[in-house]
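Structure record follows, encoded as structure tokens.
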Amino acid sequence: MQLYALGLNHHTAPLTIRERVAFRPERLEHALQDLTRARTVREAAILSTCNRTEVYFATEEPQHAADWLARFHALPLEEIAPYLYTHPQREAVRHVFRVASGLDSMVLGEPQILGQVKEAARRAEDAGTLGTVLHKLFQNTFAVAKEVRSTTAIGANIVSMAAAAVHLTERIFERVDEQHVLFIGAGEMIELCAAHFAGARPKSMTVANRTEARALELAQRFGAQTLRLDAIGEALPRFDVVVSCTAAPLPIVGLGMVERAVKARRHRPMVMVDLAVPRDIEPEVGKLDDVFLYTVDDLAQVVEAGLESRQQAVLEAEEIIDNRVDGFLHWLQTREAVPTIRALRTHAERLRHAEVERALRLLARGDDPRQVIEALSHGLTNKLVHGPTRFLNQTDGEQLAEASRLVQRLYNLPPHE
């Protein structure tokens with residue numbers, strides 16, 4: 001049984017592919033149970049974000065996970081296979097450590113991914129698919145990410161997705177404080193975007209969300225207004241900036257809706273930032289002359305600033321990760337030795353019990369206690385060394401020297417004189 005990481009991300013797959021294999025939050029538990037139902041995959045966790053879909057799992061047949069991923073999303077495997085990567089044990093451990101530490105993110109060192117990895121572990125635990133190995137892996141992952149963030153400058157001057165959304169807006173509108181902003185959704189990403197936009201003091205901010213209570217809670221934090229989700233089409237012409245990030249399976253903002261809004265605005269420009277996977281805004285909207293539509297892939301050009309200044313921090317982080325990978329793999333190897341250790345102890349205990357029973361019978365018969373103890377110690381010693389002695393006697397040729405060194409190490413024997 002080996003650990004593997006299988007998936008695709010913003011490095012290997014375009015948004016059009018990533019959104020087709022993304023998991024909606026409400027389907028994750030069912031997906032995990034479906035993956036492990038056949039028992040080919042013993043443990044599993046799924047990390048699904050706008051930039052990646054990854055499955056961490058323990059199995060003897062890694063191909064099963066790739067077949068399952070394609071089947072679950074009703075896709076031909078050959079359609080997604082060119083974008084998939086499969087990391088075996090050592091590389092899988094290193095990969096998840098790097099992901100949680102922000103080293104594999106579109107925005108180097110971004111902190112949100114750690115929370116997303118923690119959520120993936122929690123959902124796997126709720127689904128009953130987080131076994132001993134993955135539990136230990138994630139606990140190590142969280143510790144590594146904390147160490148990287150606290151001992152290196154990987155998060156210095158971080159350009160987050162939310163900050164990038166403001167930056168893209170400033171490319172079109174010189175002054176954000178003269179614009180009206182609409183947020184669609186009320187999750188963590190929208191919350192971060194709202195915080196960044198609030199710092200630019202726009203004329204107004206409005207939150208539209210499927211759950212009105214959550215929208216009201218977020219709006220109150222930032223002095224924003226709320227809007228019913230079904231009222232977006234009618235209200236859209238009022239907004240200069242639209243930032244959307246929901247878990248909706250289908251687009252919320254369609255081409256026709258935006259065309260009507262642009263006409264009502266007398267062709268004043270609109271900035272639309274779609275941070276959702278699958279997308280919330282129909283891609284065709286980006287073809288309209290007065291609309292500037294940005295997706296998560298468009299943020300790549302924003303993150304270059306400050307990258308070189310963080311390269312030393314990357315080297316330090318990679319060193320931490322490599323050391324921690326070795327530590328985790330040592331734990332795995334030790335765990336593999338547990339059955340042998342248990343069997344050895346059981347064998348020794350069985351020999352001890354037999355010798356004690358024999359000694360008690362001799363004492364009950366009235367034999368000299370000193371002789372009985374001597375016989376017990378000799379008998380136990382002979383039985384314990386019988387196995388390695390026979391092993392040495394049955395070995396010859398070049399293997400004998402190696403066998404002798406092995407026994408010397410096992411019993412911590414002094415070197416031959």
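Ligands are numbered from 1 in the order shown, residues from 1 within each chain, and chains are lettered A, B, ... in the order they appear in the structure tokens.
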
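The protein and nucleic acid residues lying at most 12 Å from stretch 375-379 of chain A are A:Leu351, A:Arg352, A:His353, A:Ala354, A:Glu355, A:Val356, A:Glu357, A:Arg358, A:Ala359, A:Leu360, A:Arg361, A:Leu362, A:Leu363, A:Asp367, A:Asp368, A:Pro369, A:Arg370, A:Gln371, A:Lys383, A:Leu384, A:Val385, A:His386, with only C-alpha atoms considered and sequence neighbours fewer than 4 positions away removed.
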
Task: Shell of 12 Å around A:Glu125, only C-alpha atoms, local chain residues under 4 positions omitted, as an MDAnalysis selection string - done: chainID A and resid 28:29 32:33 43:46 118:121 129:132 134:135 138

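If only C-alpha atoms are the atoms counted, then among A:Val55, A:Arg122, A:Arg238, A:Cys50 the closest residue to A:Met161 is A:Cys50.
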
Open item on the list: Taking 2 positions as the minimum chain separation for residues in the same chain, which residues sit within 10 Å of A:Ile184 when counting only C-alpha atoms? Answer as a VMD selection string.
Closed with: chain A and resid 181 to 182 186 to 187 190 206 to 210 215 227 to 229 232 242 to 246 252 to 253 274 280

Go ahead and save the residues from that selection, with C-alpha atoms, as a CSV table (one decimal), in the first residue's frame.
chain,number,residue,atom,x,y,z
A,181,VAL,CA,-18.9,47.2,-6.8
A,182,LEU,CA,-21.0,44.1,-6.7
A,186,ALA,CA,-20.2,35.3,0.3
A,187,GLY,CA,-17.5,32.7,0.8
A,190,ILE,CA,-15.4,37.1,-1.7
A,206,THR,CA,-23.2,45.3,-2.6
A,207,VAL,CA,-23.3,41.6,-1.8
A,208,ALA,CA,-25.6,39.2,-3.6
A,209,ASN,CA,-25.7,35.6,-2.3
A,210,ARG,CA,-28.0,32.6,-2.4
A,215,ALA,CA,-24.9,38.1,2.5
A,227,LEU,CA,-29.2,42.2,-3.2
A,228,ARG,CA,-31.2,39.1,-3.9
A,229,LEU,CA,-29.5,36.7,-6.3
A,232,ILE,CA,-28.8,40.7,-10.3
A,242,VAL,CA,-18.5,42.8,-10.6
A,243,VAL,CA,-16.5,40.1,-8.6
A,244,SER,CA,-18.1,36.7,-8.5
A,245,CYS,CA,-17.1,33.5,-6.7
A,246,THR,CA,-19.8,30.9,-6.0
A,252,ILE,CA,-25.0,33.0,-12.9
A,253,VAL,CA,-24.3,35.9,-15.2
A,274,ASP,CA,-14.8,35.7,-12.3
A,280,ASP,CA,-20.0,32.1,-12.8

Which residues of stretch 290-369 of chain A come within 9 Å of stretch 5-21 of chain A, and for each one, what is the closest pair of atoms and their distance in Å to one decimal, counting only C-alpha atoms, sorted by chain and residue number, as JSON lines?
{"residue": "A:Thr295", "atom": "CA", "partner": "A:Leu15", "partner_atom": "CA", "distance": 8.5}
{"residue": "A:Val296", "atom": "CA", "partner": "A:Leu15", "partner_atom": "CA", "distance": 8.0}
{"residue": "A:Asp297", "atom": "CA", "partner": "A:Leu15", "partner_atom": "CA", "distance": 6.9}

- [ ] Identify all residues of stretch 55-289 of chain A in helix (DSSP H, G or I) (DSSP on the backbone) and supply them as a ChimeraX atom specification.
- [x] /A:63-72,77-83,89-100,112-127,132-151,161-172,176-178,188-199,212-222,229-238,255-264,283-287

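The coordinates place atom CA of A:Pro111 at 13.4 Å from atom CA of A:Thr152.
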
TODO: Using backbone DSSP assignments, extract all strand (DSSP E or B) residues from stretch 198-303 of chain A; output them as a ChimeraX atom specification.
DONE: /A:204-209,225-228,241-244,253,270-274,281,291-295

Let me see the file: selected residues, C-alpha atoms, as a PDB file, in the first residue's frame.
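Once everything was written out, this is result05.pdb:
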ATOM      1  CA  SER A 204     -20.661  51.605  -2.815  1.00  0.00           C
ATOM      2  CA  MET A 205     -20.410  47.863  -2.286  1.00  0.00           C
ATOM      3  CA  THR A 206     -23.232  45.331  -2.618  1.00  0.00           C
ATOM      4  CA  VAL A 207     -23.323  41.621  -1.766  1.00  0.00           C
ATOM      5  CA  ALA A 208     -25.599  39.151  -3.585  1.00  0.00           C
ATOM      6  CA  ASN A 209     -25.743  35.610  -2.290  1.00  0.00           C
ATOM      7  CA  GLN A 225     -25.781  46.695   0.857  1.00  0.00           C
ATOM      8  CA  THR A 226     -27.390  43.374  -0.053  1.00  0.00           C
ATOM      9  CA  LEU A 227     -29.157  42.182  -3.171  1.00  0.00           C
ATOM     10  CA  ARG A 228     -31.240  39.115  -3.923  1.00  0.00           C
ATOM     11  CA  VAL A 241     -17.186  46.290 -11.033  1.00  0.00           C
ATOM     12  CA  VAL A 242     -18.531  42.753 -10.560  1.00  0.00           C
ATOM     13  CA  VAL A 243     -16.547  40.135  -8.612  1.00  0.00           C
ATOM     14  CA  SER A 244     -18.064  36.663  -8.529  1.00  0.00           C
ATOM     15  CA  VAL A 253     -24.287  35.900 -15.227  1.00  0.00           C
ATOM     16  CA  MET A 270     -17.500  47.311 -16.784  1.00  0.00           C
ATOM     17  CA  VAL A 271     -14.879  45.207 -15.031  1.00  0.00           C
ATOM     18  CA  MET A 272     -15.925  41.639 -14.281  1.00  0.00           C
ATOM     19  CA  VAL A 273     -13.714  39.293 -12.258  1.00  0.00           C
ATOM     20  CA  ASP A 274     -14.770  35.653 -12.257  1.00  0.00           C
ATOM     21  CA  ILE A 281     -19.840  34.351 -15.861  1.00  0.00           C
ATOM     22  CA  VAL A 291     -16.600  44.608 -20.748  1.00  0.00           C
ATOM     23  CA  PHE A 292     -13.221  43.627 -19.281  1.00  0.00           C
ATOM     24  CA  LEU A 293     -13.620  40.051 -18.059  1.00  0.00           C
ATOM     25  CA  TYR A 294     -10.858  38.428 -16.014  1.00  0.00           C
ATOM     26  CA  THR A 295     -10.693  34.798 -14.857  1.00  0.00           C
TER      27      THR A 295
END

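Distances here use only C-alpha atoms; by that measure, the residue among A:Ala195, A:Leu380, A:Val325, A:Tyr85 closest to A:Arg350 is A:Leu380.
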
Open item on the list: At a cut-off of 9 Å, using only C-alpha atoms, what residues contact stretch 91-101 of chain A? Leave out same-chain residues fewer than 6 positions from it and give the result as a ChimeraX atom specification.
Closed with: /A:3-6,56,109-118,137-138,140-142,144-149,154,317-318,321-322,324-325,328-329

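In this comparison, which uses only C-alpha atoms, the residue of A:Leu288, A:Ala235, A:Leu103, A:Thr334 approaching A:Leu315 most closely is A:Leu103.
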
TODO: Rank A:Ala124, A:Glu336, A:Glu319, A:Asp290 by their smallest atom-to-atom distance to A:Ala264, using only C-alpha atoms, and report the top residue only.
DONE: A:Asp290

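Among the candidate residues A:Ala153, A:Ala31, A:Met257, A:Val41, the one lying nearest to A:Val314 is A:Ala153, with distances computed using only C-alpha atoms.
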